[in-house]
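entry.cif (mmCIF, C-alpha atoms) appears below.
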data_final
loop_
_atom_site.label_atom_id
_atom_site.label_comp_id
_atom_site.auth_asym_id
_atom_site.auth_seq_id
_atom_site.Cartn_x
_atom_site.Cartn_y
_atom_site.Cartn_z
CA MET T 32 0.00 0.00 0.00
CA LYS T 33 1.33 3.45 -0.92
CA SER T 34 2.16 5.85 1.87
CA GLN T 35 -0.37 8.64 2.08
CA ILE T 36 2.44 11.10 2.79
CA GLN T 37 4.52 10.36 -0.32
CA TYR T 38 2.07 11.53 -2.99
CA PRO T 39 1.71 15.03 -1.50
CA VAL T 40 5.53 15.27 -1.46
CA GLY T 41 5.71 14.44 -5.16
CA ARG T 42 2.87 16.82 -5.91
CA ARG T 43 4.63 19.63 -4.03
CA VAL T 44 7.86 18.93 -5.91
CA ARG T 45 5.91 19.24 -9.17
CA ASP T 46 4.20 22.46 -8.11
CA ILE T 47 7.44 24.13 -6.98
CA ARG T 48 9.31 22.92 -10.06
CA LYS T 49 6.64 24.22 -12.44
CA ARG T 50 6.34 27.52 -10.59
CA GLN T 51 10.07 28.02 -11.14
CA ARG T 52 9.82 26.87 -14.78
CA ILE T 53 12.28 24.03 -14.24
CA THR T 54 11.86 20.88 -16.31
CA GLN T 55 12.01 17.38 -14.89
CA GLU T 56 15.14 16.87 -16.98
CA GLU T 57 16.83 19.92 -15.41
CA LEU T 58 15.91 18.86 -11.88
CA ALA T 59 17.21 15.35 -12.59
CA ALA T 60 20.50 16.84 -13.86
CA TRP T 61 20.90 18.93 -10.70
CA LEU T 62 20.17 15.94 -8.47
CA HIS T 63 22.56 13.81 -10.52
CA ALA T 64 25.27 16.46 -10.01
CA LEU T 65 24.69 16.03 -6.25
CA ARG T 66 25.35 12.28 -6.69
CA ALA T 67 21.70 11.25 -6.42
CA PRO T 68 20.90 8.51 -8.99
CA ILE T 69 17.70 10.23 -10.15
CA THR T 70 16.38 10.32 -13.72
CA ARG T 71 13.59 12.30 -15.33
CA GLY T 72 11.44 9.18 -15.24
CA VAL T 73 11.91 8.78 -11.49
CA ILE T 74 10.83 12.40 -10.95
CA ALA T 75 7.78 11.83 -13.16
CA ASN T 76 6.85 8.81 -11.02
CA TRP T 77 7.15 10.87 -7.81
CA GLU T 78 5.03 13.66 -9.21
CA THR T 79 2.24 11.34 -10.32
CA GLY T 80 2.24 9.21 -7.17
CA ARG T 81 3.61 6.10 -8.91
CA GLY T 82 6.81 6.19 -6.87
CA ASP T 83 7.92 7.24 -3.41
CA VAL T 84 10.39 10.05 -2.83
CA PRO T 85 13.27 8.59 -0.78
CA ALA T 86 13.83 10.49 2.45
CA TYR T 87 17.46 11.21 1.58
CA CYS T 88 16.35 13.00 -1.61
CA ILE T 89 14.05 15.51 0.05
CA GLN T 90 16.88 17.72 1.30
CA LEU T 91 18.65 17.46 -2.07
CA ILE T 92 15.45 18.40 -3.92
CA ALA T 93 14.89 21.37 -1.61
CA TYR T 94 18.47 22.53 -2.17
CA SER T 95 18.17 22.09 -5.94
CA LEU T 96 14.90 24.05 -6.07
CA GLY T 97 16.10 26.72 -3.63
CA VAL T 98 13.33 26.07 -1.09
CA LYS T 99 13.11 24.84 2.50
CA VAL T 100 12.53 21.16 3.27
CA ALA T 101 9.30 22.24 5.01
CA ASP T 102 8.04 23.61 1.67
CA ILE T 103 8.19 20.10 0.23
CA LEU T 104 6.82 18.12 3.15
CA PRO T 105 3.05 17.92 3.71
CA ASP T 106 1.35 19.47 6.73
CA LEU T 107 2.26 17.08 9.53
CA THR T 108 0.37 18.81 12.32
CA PHE T 109 -1.90 16.63 14.42
CA LYS T 110 -4.93 18.21 12.76
CA GLY T 111 -3.44 17.56 9.33
CA LEU T 112 -2.66 13.95 10.17
CA ILE T 113 -6.18 13.31 11.41
CA ALA T 114 -7.70 15.05 8.39
CA SER T 115 -5.75 12.91 5.94
CA GLN T 116 -6.11 9.73 8.02
CA VAL T 117 -2.45 8.84 7.74
CA MET T 118 -1.70 5.19 8.44
CA HIS T 119 -0.52 4.20 11.91
CA PRO T 120 3.04 2.78 11.92
CA SER T 121 1.56 -0.66 12.58
CA GLY T 122 0.00 -0.50 9.11
CA SER T 123 -3.59 -0.19 10.30
CA HIS T 124 -5.78 2.87 10.33
CA ARG T 125 -6.03 4.48 13.72
CA ARG T 126 -9.50 4.61 15.18
CA ASN T 127 -11.26 7.90 15.22
CA ARG T 128 -11.34 9.09 18.84
CA HIS T 129 -15.11 9.55 18.53
CA GLN T 130 -15.74 5.87 17.75
CA ASN T 131 -17.43 3.78 20.37
CA LYS T 132 -14.63 2.34 22.52
CA SER T 133 -16.80 -0.44 23.90
CA SER T 134 -16.92 -2.17 20.52
CA THR T 135 -13.13 -2.78 20.68
CA ASN T 136 -12.82 -3.73 24.33
CA THR T 137 -13.25 -7.45 24.82
CA VAL T 138 -12.91 -9.38 28.06
CA VAL T 139 -10.79 -12.50 27.62
#

Could you write out this structure as structure tokens?
Amino acid sequence: MKSQIQYPVGRRVRDIRKRQRITQEELAAWLHALRAPITRGVIANWETGRGDVPAYCIQLIAYSLGVKVADILPDLTFKGLIASQVMHPSGSHRRNRHQNKSSTNTVV
């Protein structure tokens, strides 16, 4: 299952890149110059949600685009996490705090 955080990262990369009128090819060349093995096709996959942006690339992308890392990352406030229903690290969706707790409590 795709991470629900990764697609917004790719979408933000696309938005920033287009706003600055930088092509995928140019961004790939800049990343390649920083020793990141990134091609235009990899960037296209990030931007369309078909691939995940590796964590180590986020700082390199920010540097290459002249923005802060925070400009690339999605809103990770508690409210933002709840709104987007990000997956719990265990891989399951976290229960909404308003759900009936008695339905999950079982005496064994």

For T:Lys49, which residue among T:Val73, T:Tyr87, T:Glu78, T:Lys99 is the nearest when counting only C-alpha atoms? T:Glu78

Do you know which residues the PyMOL selection byres ((chain T and resi 59-72) around 12) returns on this file, as an NGL selection string? :T and (48 or 53-58 or 73-79 or 81-82 or 84-97)

Between atom CA of T:Gln51 and atom CA of T:Pro105, distance in Å (one decimal):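 Separation of atom CA of T:Gln51 and atom CA of T:Pro105: 19.3 Å.
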
Which value, in Å to one decimal, gives the distance between atom CA of T:Leu104 and atom CA of T:Ile47?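 Going from atom CA of T:Leu104 over to atom CA of T:Ile47, I get 11.8 Å.
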
Take atom CA of T:Gly80 and atom CA of T:Thr108 and report the distance between them in Å, one decimal.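 For atom CA of T:Gly80 relative to atom CA of T:Thr108, the distance reads 21.8 Å.
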